[in-house]
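Novice: This is the content of entry04.csv (CSV, C-alpha atoms and all ligand atoms):
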```
chain,number,residue,atom,x,y,z
A,1445,MET,CA,-40.1,-14.4,-18.2
A,1446,PHE,CA,-39.6,-14.8,-14.5
A,1447,LYS,CA,-40.5,-12.5,-11.7
A,1448,LEU,CA,-38.1,-11.4,-8.9
A,1449,THR,CA,-39.5,-11.6,-5.4
A,1450,ALA,CA,-38.9,-8.5,-3.3
A,1451,LYS,CA,-36.5,-10.5,-1.2
A,1452,ALA,CA,-34.5,-11.7,-4.2
A,1453,LEU,CA,-34.4,-8.2,-5.6
A,1454,ALA,CA,-33.1,-6.8,-2.3
A,1455,CYS,CA,-30.5,-9.4,-2.2
A,1456,ALA,CA,-29.4,-8.9,-5.8
A,1457,LEU,CA,-29.3,-5.1,-5.2
A,1458,SER,CA,-27.2,-5.5,-2.0
A,1459,LEU,CA,-24.8,-7.9,-3.8
A,1460,SER,CA,-24.3,-5.5,-6.6
A,1461,ILE,CA,-23.8,-2.6,-4.3
A,1462,ALA,CA,-21.2,-4.6,-2.4
A,1463,GLY,CA,-19.6,-5.5,-5.7
A,1464,MET,CA,-19.5,-1.8,-6.7
A,1465,ALA,CA,-18.0,-0.9,-3.3
A,1466,GLN,CA,-15.3,-3.5,-3.7
A,1467,ALA,CA,-14.5,-2.4,-7.3
A,1468,ALA,CA,-14.5,1.3,-6.2
A,1469,ASP,CA,-12.4,0.8,-3.2
A,1470,PRO,CA,-9.2,-1.1,-3.8
A,1471,ILE,CA,-6.8,-1.4,-0.9
A,1472,VAL,CA,-4.2,1.2,-1.5
A,1473,ILE,CA,-0.6,0.2,-0.7
A,1474,LYS,CA,1.8,3.1,-0.8
A,1475,PHE,CA,5.4,2.0,-1.1
A,1476,SER,CA,7.8,4.8,-0.4
A,1477,HIS,CA,11.6,4.7,-0.8
A,1478,VAL,CA,14.6,6.9,-1.2
A,1479,VAL,CA,16.6,5.5,-4.1
A,1480,ALA,CA,16.3,5.6,-7.9
A,1481,GLU,CA,14.3,3.2,-9.9
A,1482,HIS,CA,17.3,1.5,-11.5
A,1483,THR,CA,18.6,0.0,-8.3
A,1484,PRO,CA,17.8,-3.3,-6.5
A,1485,LYS,CA,15.2,-1.7,-4.2
A,1486,GLY,CA,13.7,0.5,-6.9
A,1487,GLN,CA,13.3,-2.5,-9.2
A,1488,GLY,CA,11.9,-4.6,-6.4
A,1489,ALA,CA,9.2,-2.0,-5.6
A,1490,LEU,CA,8.1,-1.9,-9.2
A,1491,LEU,CA,8.0,-5.6,-9.6
A,1492,PHE,CA,5.9,-5.8,-6.4
A,1493,LYS,CA,3.5,-3.4,-7.9
A,1494,GLN,CA,3.3,-5.2,-11.2
A,1495,LEU,CA,2.7,-8.7,-9.6
A,1496,ALA,CA,0.2,-7.4,-7.0
A,1497,GLU,CA,-1.9,-5.6,-9.5
A,1498,GLU,CA,-1.7,-8.5,-12.0
A,1499,ARG,CA,-2.7,-11.1,-9.6
A,1500,LEU,CA,-5.1,-9.3,-7.3
A,1501,GLY,CA,-6.9,-7.3,-10.0
A,1502,ASP,CA,-8.8,-4.3,-8.7
A,1503,LYS,CA,-8.6,-5.5,-5.1
A,1504,VAL,CA,-5.3,-3.8,-4.6
A,1505,LYS,CA,-3.6,-0.6,-6.0
A,1506,VAL,CA,0.1,-0.1,-5.3
A,1507,GLU,CA,1.6,3.3,-5.5
A,1508,VAL,CA,5.4,3.5,-5.7
A,1509,TYR,CA,7.2,6.7,-4.7
A,1510,ALA,CA,10.9,6.6,-5.5
A,1511,ASN,CA,13.8,9.0,-4.8
A,1512,SER,CA,12.4,10.4,-1.5
A,1513,SER,CA,9.5,11.9,-3.5
A,1514,LEU,CA,7.0,11.1,-0.7
A,1515,PHE,CA,9.1,10.7,2.4
A,1516,GLY,CA,12.8,10.9,2.9
A,1517,ASP,CA,14.7,8.5,5.1
A,1518,GLY,CA,14.2,10.6,8.2
A,1519,LYS,CA,10.5,10.4,8.0
A,1520,GLU,CA,9.5,7.2,6.3
A,1521,MET,CA,9.5,5.0,9.5
A,1522,GLU,CA,7.2,7.5,11.3
A,1523,ALA,CA,5.0,7.6,8.2
A,1524,LEU,CA,4.7,3.8,8.3
A,1525,LEU,CA,3.7,3.9,11.9
A,1526,LEU,CA,1.1,6.6,11.3
A,1527,GLY,CA,-0.4,4.6,8.4
A,1528,ASP,CA,0.6,7.2,5.8
A,1529,VAL,CA,2.6,4.5,3.9
A,1530,GLN,CA,2.1,0.8,4.0
A,1531,LEU,CA,5.5,-0.6,2.8
A,1532,ILE,CA,9.0,0.7,3.1
A,1533,ALA,CA,12.4,-0.9,2.8
A,1534,PRO,CA,14.9,1.1,4.9
A,1535,SER,CA,18.5,0.1,4.9
A,1536,LEU,CA,19.4,-2.1,7.9
A,1537,ALA,CA,21.4,0.9,9.3
A,1538,LYS,CA,18.2,2.8,10.0
A,1539,PHE,CA,16.6,0.6,12.7
A,1540,GLU,CA,18.6,1.5,15.8
A,1541,GLN,CA,15.7,3.5,17.4
A,1542,TYR,CA,13.6,0.3,17.2
A,1543,THR,CA,16.1,-2.4,18.0
A,1544,LYS,CA,19.8,-2.4,18.7
A,1545,GLN,CA,20.2,-6.0,17.4
A,1546,ILE,CA,19.9,-5.1,13.7
A,1547,GLN,CA,23.1,-3.0,14.2
A,1548,VAL,CA,24.9,-6.3,13.7
A,1549,PHE,CA,24.7,-5.7,10.0
A,1550,ASP,CA,26.5,-2.4,10.3
A,1551,LEU,CA,29.6,-3.8,12.0
A,1552,PRO,CA,32.6,-3.2,9.6
A,1553,PHE,CA,34.0,-6.3,8.0
A,1554,MET,CA,31.3,-8.5,9.6
A,1555,PHE,CA,30.6,-10.5,6.4
A,1556,GLN,CA,33.2,-11.7,3.9
A,1557,ASP,CA,30.8,-11.5,1.0
A,1558,MET,CA,27.1,-11.3,0.0
A,1559,ALA,CA,26.7,-15.1,0.2
A,1560,ALA,CA,27.6,-14.8,3.9
A,1561,VAL,CA,25.1,-11.9,4.4
A,1562,ASP,CA,22.5,-14.1,2.8
A,1563,ARG,CA,23.3,-17.1,4.9
A,1564,PHE,CA,22.9,-15.1,8.1
A,1565,GLN,CA,19.7,-13.5,6.9
A,1566,GLN,CA,18.2,-16.9,6.3
A,1567,SER,CA,19.5,-18.4,9.5
A,1568,PRO,CA,17.1,-18.7,12.5
A,1569,GLU,CA,18.8,-15.7,14.1
A,1570,GLY,CA,18.4,-13.6,11.0
A,1571,GLN,CA,14.8,-14.6,10.5
A,1572,ALA,CA,14.0,-13.9,14.2
A,1573,LEU,CA,15.0,-10.2,13.6
A,1574,LEU,CA,12.1,-9.9,11.1
A,1575,THR,CA,9.6,-10.3,13.9
A,1576,SER,CA,11.6,-8.7,16.6
A,1577,MET,CA,9.8,-5.3,16.3
A,1578,GLU,CA,6.2,-6.4,16.3
A,1579,ASP,CA,5.6,-5.0,19.7
A,1580,LYS,CA,6.4,-1.6,18.0
A,1581,ASN,CA,4.0,-2.4,15.2
A,1582,ILE,CA,6.7,-3.1,12.6
A,1583,THR,CA,6.7,-6.5,10.8
A,1584,GLY,CA,9.6,-7.5,8.6
A,1585,LEU,CA,8.5,-9.3,5.4
A,1586,GLY,CA,11.9,-10.1,4.0
A,1587,TYR,CA,15.5,-9.0,3.4
A,1588,TRP,CA,16.4,-7.3,0.1
A,1589,HIS,CA,20.0,-7.1,-1.0
A,1590,ASN,CA,21.7,-4.1,-2.3
A,1591,GLY,CA,25.4,-5.0,-1.8
A,1592,LEU,CA,28.7,-4.3,-0.3
A,1593,LYS,CA,29.7,-0.7,0.4
A,1594,GLN,CA,32.7,1.1,-1.1
A,1595,LEU,CA,34.4,4.2,0.3
A,1596,SER,CA,34.5,7.3,-1.9
A,1597,ALA,CA,36.3,10.6,-1.5
A,1598,ASN,CA,38.1,13.3,-3.4
A,1599,LYS,CA,41.3,11.8,-2.1
A,1600,ALA,CA,42.8,8.4,-2.7
A,1601,LEU,CA,42.1,6.2,0.3
A,1602,ARG,CA,44.5,3.3,0.4
A,1603,GLU,CA,45.2,3.0,4.1
A,1604,PRO,CA,43.2,4.1,7.2
A,1605,LYS,CA,45.5,7.0,7.7
A,1606,ASP,CA,44.4,8.5,4.4
A,1607,ALA,CA,40.9,9.1,5.9
A,1608,ARG,CA,42.1,11.1,8.9
A,1609,GLY,CA,40.4,14.4,9.2
A,1610,LEU,CA,38.0,13.9,6.3
A,1611,LYS,CA,34.3,14.4,6.8
A,1612,PHE,CA,32.2,11.3,5.8
A,1613,ARG,CA,28.5,11.2,5.3
A,1614,VAL,CA,26.9,8.4,7.3
A,1615,GLN,CA,23.4,7.0,7.6
A,1616,ALA,CA,21.7,7.5,10.9
A,1617,SER,CA,23.6,4.8,12.7
A,1618,ALA,CA,25.8,5.0,15.8
A,1619,VAL,CA,27.9,2.0,14.6
A,1620,LEU,CA,28.7,3.7,11.3
A,1621,GLU,CA,29.6,6.9,13.1
A,1622,GLU,CA,32.0,5.0,15.3
A,1623,GLN,CA,33.4,3.2,12.2
A,1624,PHE,CA,34.7,6.5,11.0
A,1625,LYS,CA,35.8,7.8,14.4
A,1626,VAL,CA,38.1,4.9,14.9
A,1627,VAL,CA,40.1,5.9,11.8
A,1628,ARG,CA,40.1,9.5,13.1
A,1629,ALA,CA,37.7,10.8,10.4
A,1630,ASN,CA,34.6,12.9,11.1
A,1631,PRO,CA,31.3,11.2,10.5
A,1632,ARG,CA,28.3,13.4,9.7
A,1633,LYS,CA,24.7,12.0,9.7
A,1634,MET,CA,22.9,13.2,6.6
A,1635,SER,CA,19.8,12.0,4.8
A,1636,PHE,CA,20.2,10.1,1.5
A,1637,ALA,CA,18.6,12.8,-0.6
A,1638,GLU,CA,21.2,15.4,0.6
A,1639,VAL,CA,24.3,13.3,-0.1
A,1640,TYR,CA,25.0,14.5,-3.7
A,1641,GLN,CA,24.8,18.1,-2.7
A,1642,GLY,CA,26.8,17.5,0.4
A,1643,LEU,CA,29.6,16.1,-1.6
A,1644,GLN,CA,29.4,18.7,-4.3
A,1645,THR,CA,29.6,21.6,-1.9
A,1646,GLY,CA,32.2,20.1,0.3
A,1647,VAL,CA,30.0,19.8,3.4
A,1648,VAL,CA,31.3,16.3,3.4
A,1649,ASN,CA,34.4,15.0,1.6
A,1650,GLY,CA,33.4,11.3,1.3
A,1651,ALA,CA,30.8,8.7,1.7
A,1652,GLU,CA,30.2,4.9,1.7
A,1653,ASN,CA,27.8,3.3,-0.7
A,1654,PRO,CA,27.3,0.3,-3.0
A,1655,TYR,CA,28.0,1.1,-6.7
A,1656,SER,CA,24.3,1.2,-7.5
A,1657,ASN,CA,23.6,4.1,-5.2
A,1658,ILE,CA,26.8,5.9,-6.2
A,1659,TYR,CA,25.9,5.7,-9.9
A,1660,SER,CA,22.2,6.3,-9.7
A,1661,GLN,CA,22.7,9.4,-7.5
A,1662,LYS,CA,25.6,10.6,-9.8
A,1663,MET,CA,27.9,10.7,-6.8
A,1664,HIS,CA,30.8,9.6,-9.0
A,1665,GLU,CA,30.5,13.0,-10.7
A,1666,VAL,CA,31.6,14.7,-7.4
A,1667,GLN,CA,34.0,12.0,-6.1
A,1668,LYS,CA,37.4,11.5,-7.8
A,1669,PHE,CA,38.2,8.2,-6.1
A,1670,ILE,CA,36.3,5.1,-5.0
A,1671,THR,CA,38.2,2.5,-2.9
A,1672,GLU,CA,36.8,-0.9,-3.5
A,1673,SER,CA,36.8,-1.7,0.2
A,1674,ASN,CA,33.8,-4.0,0.5
A,1675,HIS,CA,34.0,-3.1,4.2
A,1676,GLY,CA,30.3,-3.4,5.1
A,1677,VAL,CA,26.9,-4.2,3.8
A,1678,LEU,CA,24.0,-2.1,2.7
A,1679,ASP,CA,20.9,-4.2,2.6
A,1680,TYR,CA,17.2,-3.6,3.4
A,1681,MET,CA,14.4,-5.0,5.5
A,1682,LEU,CA,11.1,-4.8,3.7
A,1683,ILE,CA,8.7,-3.8,6.4
A,1684,THR,CA,5.0,-3.0,6.9
A,1685,ASN,CA,2.8,-1.7,9.7
A,1686,THR,CA,1.8,-4.9,11.7
A,1687,LYS,CA,-1.8,-3.8,12.4
A,1688,PHE,CA,-2.3,-2.9,8.7
A,1689,TRP,CA,-0.9,-6.2,7.5
A,1690,ASN,CA,-3.0,-8.2,10.0
A,1691,SER,CA,-6.1,-6.3,8.9
A,1692,LEU,CA,-5.9,-7.4,5.3
A,1693,PRO,CA,-8.4,-9.9,4.1
A,1694,ASP,CA,-6.8,-13.4,4.4
A,1695,ASP,CA,-6.8,-14.1,0.6
A,1696,VAL,CA,-5.2,-10.7,-0.2
A,1697,ARG,CA,-2.5,-11.1,2.5
A,1698,SER,CA,-1.6,-14.6,1.6
A,1699,GLU,CA,-1.3,-13.7,-2.1
A,1700,LEU,CA,0.9,-10.7,-1.2
A,1701,ASP,CA,3.0,-12.9,1.0
A,1702,LYS,CA,3.6,-15.2,-1.9
A,1703,ILE,CA,4.4,-12.2,-4.2
A,1704,ILE,CA,6.9,-10.9,-1.7
A,1705,VAL,CA,8.7,-14.2,-1.6
A,1706,GLU,CA,9.0,-14.1,-5.4
A,1707,VAL,CA,10.1,-10.5,-5.6
A,1708,THR,CA,12.6,-11.0,-2.8
A,1709,ALA,CA,14.2,-13.9,-4.7
A,1710,GLU,CA,14.4,-11.7,-7.9
A,1711,VAL,CA,15.8,-8.7,-6.1
A,1712,ASN,CA,18.4,-10.8,-4.4
A,1713,LYS,CA,19.3,-12.6,-7.6
A,1714,GLN,CA,19.8,-9.3,-9.6
A,1715,ALA,CA,21.4,-7.1,-7.0
A,1716,ASP,CA,25.0,-8.2,-7.7
A,1717,GLU,CA,24.6,-7.8,-11.4
A,1718,LEU,CA,23.1,-4.3,-11.0
A,1719,ASN,CA,26.0,-3.2,-8.9
A,1720,GLU,CA,28.6,-4.7,-11.3
A,1721,GLY,CA,26.8,-2.9,-14.2
A,1722,ASP,CA,26.9,0.4,-12.3
A,1723,LYS,CA,30.6,-0.1,-11.5
A,1724,GLN,CA,31.3,-0.5,-15.2
A,1725,ARG,CA,29.2,2.6,-16.0
A,1726,ILE,CA,31.3,4.6,-13.5
A,1727,LEU,CA,34.4,3.4,-15.1
A,1728,ASP,CA,33.0,4.3,-18.5
A,1729,ALA,CA,32.2,7.8,-17.3
A,1730,LYS,CA,35.9,8.3,-16.5
A,1731,THR,CA,35.2,10.7,-13.7
A,1732,THR,CA,36.5,8.5,-11.0
A,1733,GLU,CA,39.4,6.2,-10.3
A,1734,ILE,CA,38.5,2.9,-8.7
A,1735,ILE,CA,41.2,1.8,-6.4
A,1736,SER,CA,41.7,-1.9,-5.6
A,1737,LEU,CA,43.2,-2.7,-2.2
A,1738,THR,CA,46.0,-5.2,-1.7
A,1739,PRO,CA,45.2,-7.9,0.8
A,1740,GLU,CA,47.6,-6.1,3.1
A,1741,GLN,CA,45.9,-2.7,2.8
A,1742,ARG,CA,42.5,-4.3,3.3
A,1743,GLY,CA,43.8,-6.0,6.4
A,1744,MET,CA,44.9,-2.6,7.7
A,1745,TRP,CA,41.3,-1.2,7.3
A,1746,ARG,CA,39.9,-4.3,9.0
A,1747,ASP,CA,42.3,-4.0,12.0
A,1748,ALA,CA,41.6,-0.3,12.4
A,1749,MET,CA,37.8,-0.7,12.3
A,1750,LYS,CA,37.4,-4.0,14.2
A,1751,PRO,CA,37.3,-2.3,17.7
A,1752,VAL,CA,33.8,-1.1,16.7
A,1753,TRP,CA,32.6,-4.7,17.3
A,1754,THR,CA,33.7,-4.7,21.0
A,1755,LYS,CA,32.2,-1.3,21.6
A,1756,PHE,CA,28.7,-2.4,20.4
A,1757,GLU,CA,28.9,-6.0,21.6
A,1758,GLY,CA,26.8,-5.2,24.7
A,1759,GLU,CA,24.0,-3.6,22.7
A,1760,ILE,CA,23.9,-6.1,19.9
A,1761,GLY,CA,24.6,-9.2,21.9
A,1762,ALA,CA,27.7,-11.4,21.7
A,1763,ASP,CA,25.6,-14.4,20.6
A,1764,LEU,CA,24.1,-12.6,17.6
A,1765,ILE,CA,27.6,-11.4,16.5
A,1766,LYS,CA,28.8,-15.0,16.8
A,1767,ALA,CA,25.9,-16.2,14.7
A,1768,ALA,CA,26.6,-13.6,12.0
A,1769,ASP,CA,30.3,-14.5,12.1
A,1770,ALA,CA,29.4,-18.2,11.7
A,1771,ALA,CA,27.7,-17.4,8.4
A,1772,ASN,CA,31.2,-16.7,7.0
A,1773,GLN,CA,32.1,-20.4,7.2
B,1801,LIG,C1,21.6,5.5,2.5
B,1801,LIG,O1,21.0,6.3,3.2
B,1801,LIG,O2,22.7,5.6,2.1
B,1801,LIG,C2,20.8,4.3,2.0
B,1801,LIG,O3,20.1,3.8,3.1
B,1801,LIG,C3,19.9,4.6,0.9
B,1801,LIG,C4,19.2,3.4,0.4
B,1801,LIG,O4,18.1,3.2,0.8
B,1801,LIG,O5,19.8,2.6,-0.3
```
Here is the file; what I need is its structure written in the form of C-alpha cells.

Specialist:
Amino acid sequence: MFKLTAKALACALSLSIAGMAQAADPIVIKFSHVVAEHTPKGQGALLFKQLAEERLGDKVKVEVYANSSLFGDGKEMEALLLGDVQLIAPSLAKFEQYTKQIQVFDLPFMFQDMAAVDRFQQSPEGQALLTSMEDKNITGLGYWHNGLKQLSANKALREPKDARGLKFRVQASAVLEEQFKVVRANPRKMSFAEVYQGLQTGVVNGAENPYSNIYSQKMHEVQKFITESNHGVLDYMLITNTKFWNSLPDDVRSELDKIIVEVTAEVNKQADELNEGDKQRILDAKTTEIISLTPEQRGMWRDAMKPVWTKFEGEIGADLIKAADAANQ
C-alpha cells in the first residue's frame, strides 16, 4: 500500500475537479436555421452535429433548431451577434446590412449554372467575402449550396409581361426587390416562415425558390405553376460569431474547422440531387405544372432583368461583378 502525500492528494483532487468541470460543461453550439430538415441546409446542420459530437466527445454539444423554431430569418443575425446562437447559415440574400458586396450573388442571371456559382465561391474574390465582415464580428466558415431559384405563381409565367402587377414575396434584399420591379411586378419582403401562408391567403401571388424549399414548405400546394427559370441562386454562408470562434480552445476549433470542410463538401455534393428529387416529388403530387422556358423566352427574362446589374454596380463593385461573371467561362 502506498501513502499519498498531502500535495499529491491536493493535486489529484484538483485534477479530478477539473475533469468533472470539463465533463459537466461541454461547449454548447446552437445552430439555428429556417428551413426543413430534408433540405441541403437542414441536412448539413444535422451532419455537423453528428460529426462534432462523435469526434469531440463531451467537449461539445450541438443543438440544432430547424424551421425557424428558435429564431426566424429576421432575428437570427442579431441573435448570432448577441451570442444567443453560435452558428447560422443565412441565404446570401440576407447580408446587405453587413456588406453590399455579397449582393453580387443576388444579381439575376449572374451565373449560368451551379458549377459557375461554385467556381466563384472558391475563387480568391469569393473566399475574400468570407472574412469581409470580421470587423462586424461575423466570420464566414464556408459556402453551402441550395440551388437555382424557380419562379412560382398561380398564373403561368412564360414571358416577363406575365408577371406584371403580381405580388411576389422576396427575401430582405434590395437587389431582389429591384429584380421584380423591372418586370413591373410588386415585390414584398416577407420572412421565410410566413411564405406559405402569404401564398395561401393571397397576400402574395408568387415567389422564387429552389425546388427543395418549395417542396419542404409545401408551397406547391398553393402554387399552380412553377416556371423553371433558373434565374438566380439561393446559397448560404455558414457564419459564426468571430469572438466566440476565436475563444474556442485550439484543439476544438481546429477539429470543428476540419468537420466544416467535410460537411460543406457533402452538402454541396448532395444539394443538386435533393432539389431534383423534390422537383420529382412536386410532379408526383400533381398540384403544379412545371413550365420549361424556350431559349427565346429565357432570353426575354434575362434581357428584362439585366438592368438590375447596372443599378447595383456602384454598391457591389464592377470588379467583383466581373470576377463573378468570369466564373461562367
Ligand atoms: C428564404 O428566405 O427564402 C431562404 O433564405 C430560406 C432559406 O434559408 O433557404

Novice: Measuring between all atoms listed in the file, which one of A:Asp1528, A:Asp1747, A:Glu1497, A:Asp1679 shows the shortest distance to A:Val1626?

Specialist: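 Comparing A:Asp1528, A:Asp1747, A:Glu1497, A:Asp1679 against A:Val1626, the winner is A:Asp1747.
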
Novice: If you count all atoms listed in the file, which residues fall within 12 Å of A:Val1648, apart from same-chain ones fewer than 3 positions away, as a ChimeraX atom specification?

Specialist: /A:1596-1598,1609-1614,1629-1634,1638-1645,1651-1652,1666-1667

Novice: For the residues in that selection, give me C-alpha atoms as a short mmCIF file (atom, residue, chain, number, x, y, z; two decimals), in the coordinates of the input.

Specialist:
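Below is the file that was written, part01.cif:
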```cif
data_model
loop_
_atom_site.label_atom_id
_atom_site.label_comp_id
_atom_site.auth_asym_id
_atom_site.auth_seq_id
_atom_site.Cartn_x
_atom_site.Cartn_y
_atom_site.Cartn_z
CA SER A 1596 34.50 7.30 -1.90
CA ALA A 1597 36.30 10.60 -1.50
CA ASN A 1598 38.10 13.30 -3.40
CA GLY A 1609 40.40 14.40 9.20
CA LEU A 1610 38.00 13.90 6.30
CA LYS A 1611 34.30 14.40 6.80
CA PHE A 1612 32.20 11.30 5.80
CA ARG A 1613 28.50 11.20 5.30
CA VAL A 1614 26.90 8.40 7.30
CA ALA A 1629 37.70 10.80 10.40
CA ASN A 1630 34.60 12.90 11.10
CA PRO A 1631 31.30 11.20 10.50
CA ARG A 1632 28.30 13.40 9.70
CA LYS A 1633 24.70 12.00 9.70
CA MET A 1634 22.90 13.20 6.60
CA GLU A 1638 21.20 15.40 0.60
CA VAL A 1639 24.30 13.30 -0.10
CA TYR A 1640 25.00 14.50 -3.70
CA GLN A 1641 24.80 18.10 -2.70
CA GLY A 1642 26.80 17.50 0.40
CA LEU A 1643 29.60 16.10 -1.60
CA GLN A 1644 29.40 18.70 -4.30
CA THR A 1645 29.60 21.60 -1.90
CA ALA A 1651 30.80 8.70 1.70
CA GLU A 1652 30.20 4.90 1.70
CA VAL A 1666 31.60 14.70 -7.40
CA GLN A 1667 34.00 12.00 -6.10
#
```

Novice: Might you pull out every residue within 9 Å of stretch 1547-1549 of chain A, with all atoms listed in the file counted and same-chain residues fewer than 3 positions away left off, and present them as number ranges by chain?

Specialist: A: 1536-1540, 1543-1544, 1552, 1554-1555, 1561, 1617-1619, 1676-1679, 1753, 1756-1757, 1759-1761, 1764-1765, 1768

Novice: List as a VMD selection string the protein and nucleic acid residues near A:Asn1653, meaning an atom at most 7 Å away when only C-alpha atoms are counted, but skip any in the same chain fewer than 5 places from it.

Specialist: chain A and resid 1593 to 1595 1658

Novice: Could you check which of A:Thr1732, A:Thr1575, A:Thr1483, A:Gln1494 is closest to ligand LIG 1801 (chain B), using all atoms listed in the file?

Specialist: A:Thr1483

Novice: Restricted to N, CA and C atoms, what does stretch 1725-1739 of chain A look like when written out as a CSV table (one decimal), in the first residue's frame?

Specialist:
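Output file selection-v8.csv is given in full below:
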```csv
chain,number,residue,atom,x,y,z
A,1725,ARG,N,-40.9,15.0,-56.7
A,1725,ARG,CA,-42.0,14.9,-55.8
A,1725,ARG,C,-43.1,15.9,-56.0
A,1726,ILE,N,-42.7,17.0,-56.5
A,1726,ILE,CA,-43.7,18.0,-56.9
A,1726,ILE,C,-44.5,17.6,-58.1
A,1727,LEU,N,-43.8,17.0,-59.1
A,1727,LEU,CA,-44.5,16.5,-60.2
A,1727,LEU,C,-45.5,15.4,-59.8
A,1728,ASP,N,-45.0,14.5,-58.9
A,1728,ASP,CA,-45.8,13.4,-58.5
A,1728,ASP,C,-47.0,13.8,-57.7
A,1729,ALA,N,-46.9,15.0,-57.0
A,1729,ALA,CA,-48.1,15.5,-56.3
A,1729,ALA,C,-49.2,16.0,-57.2
A,1730,LYS,N,-48.8,16.3,-58.4
A,1730,LYS,CA,-49.8,16.7,-59.5
A,1730,LYS,C,-50.6,18.0,-59.0
A,1731,THR,N,-50.0,18.8,-58.2
A,1731,THR,CA,-50.7,20.1,-57.8
A,1731,THR,C,-50.3,21.2,-58.7
A,1732,THR,N,-49.1,21.0,-59.4
A,1732,THR,CA,-48.5,22.2,-60.0
A,1732,THR,C,-47.9,21.8,-61.4
A,1733,GLU,N,-48.1,22.7,-62.3
A,1733,GLU,CA,-47.5,22.4,-63.6
A,1733,GLU,C,-46.1,23.1,-63.7
A,1734,ILE,N,-45.1,22.3,-64.1
A,1734,ILE,CA,-43.8,22.9,-64.2
A,1734,ILE,C,-43.5,23.3,-65.7
A,1735,ILE,N,-43.3,24.6,-65.8
A,1735,ILE,CA,-43.2,25.1,-67.2
A,1735,ILE,C,-41.7,25.2,-67.6
A,1736,SER,N,-41.3,24.7,-68.7
A,1736,SER,CA,-39.9,24.9,-69.2
A,1736,SER,C,-40.0,26.0,-70.2
A,1737,LEU,N,-39.0,26.9,-70.1
A,1737,LEU,CA,-38.9,28.0,-71.0
A,1737,LEU,C,-38.1,27.6,-72.3
A,1738,THR,N,-38.5,28.2,-73.4
A,1738,THR,CA,-37.7,28.1,-74.6
A,1738,THR,C,-36.5,29.0,-74.4
A,1739,PRO,N,-35.4,28.7,-75.1
A,1739,PRO,CA,-34.2,29.6,-75.0
A,1739,PRO,C,-34.6,31.1,-75.3
```
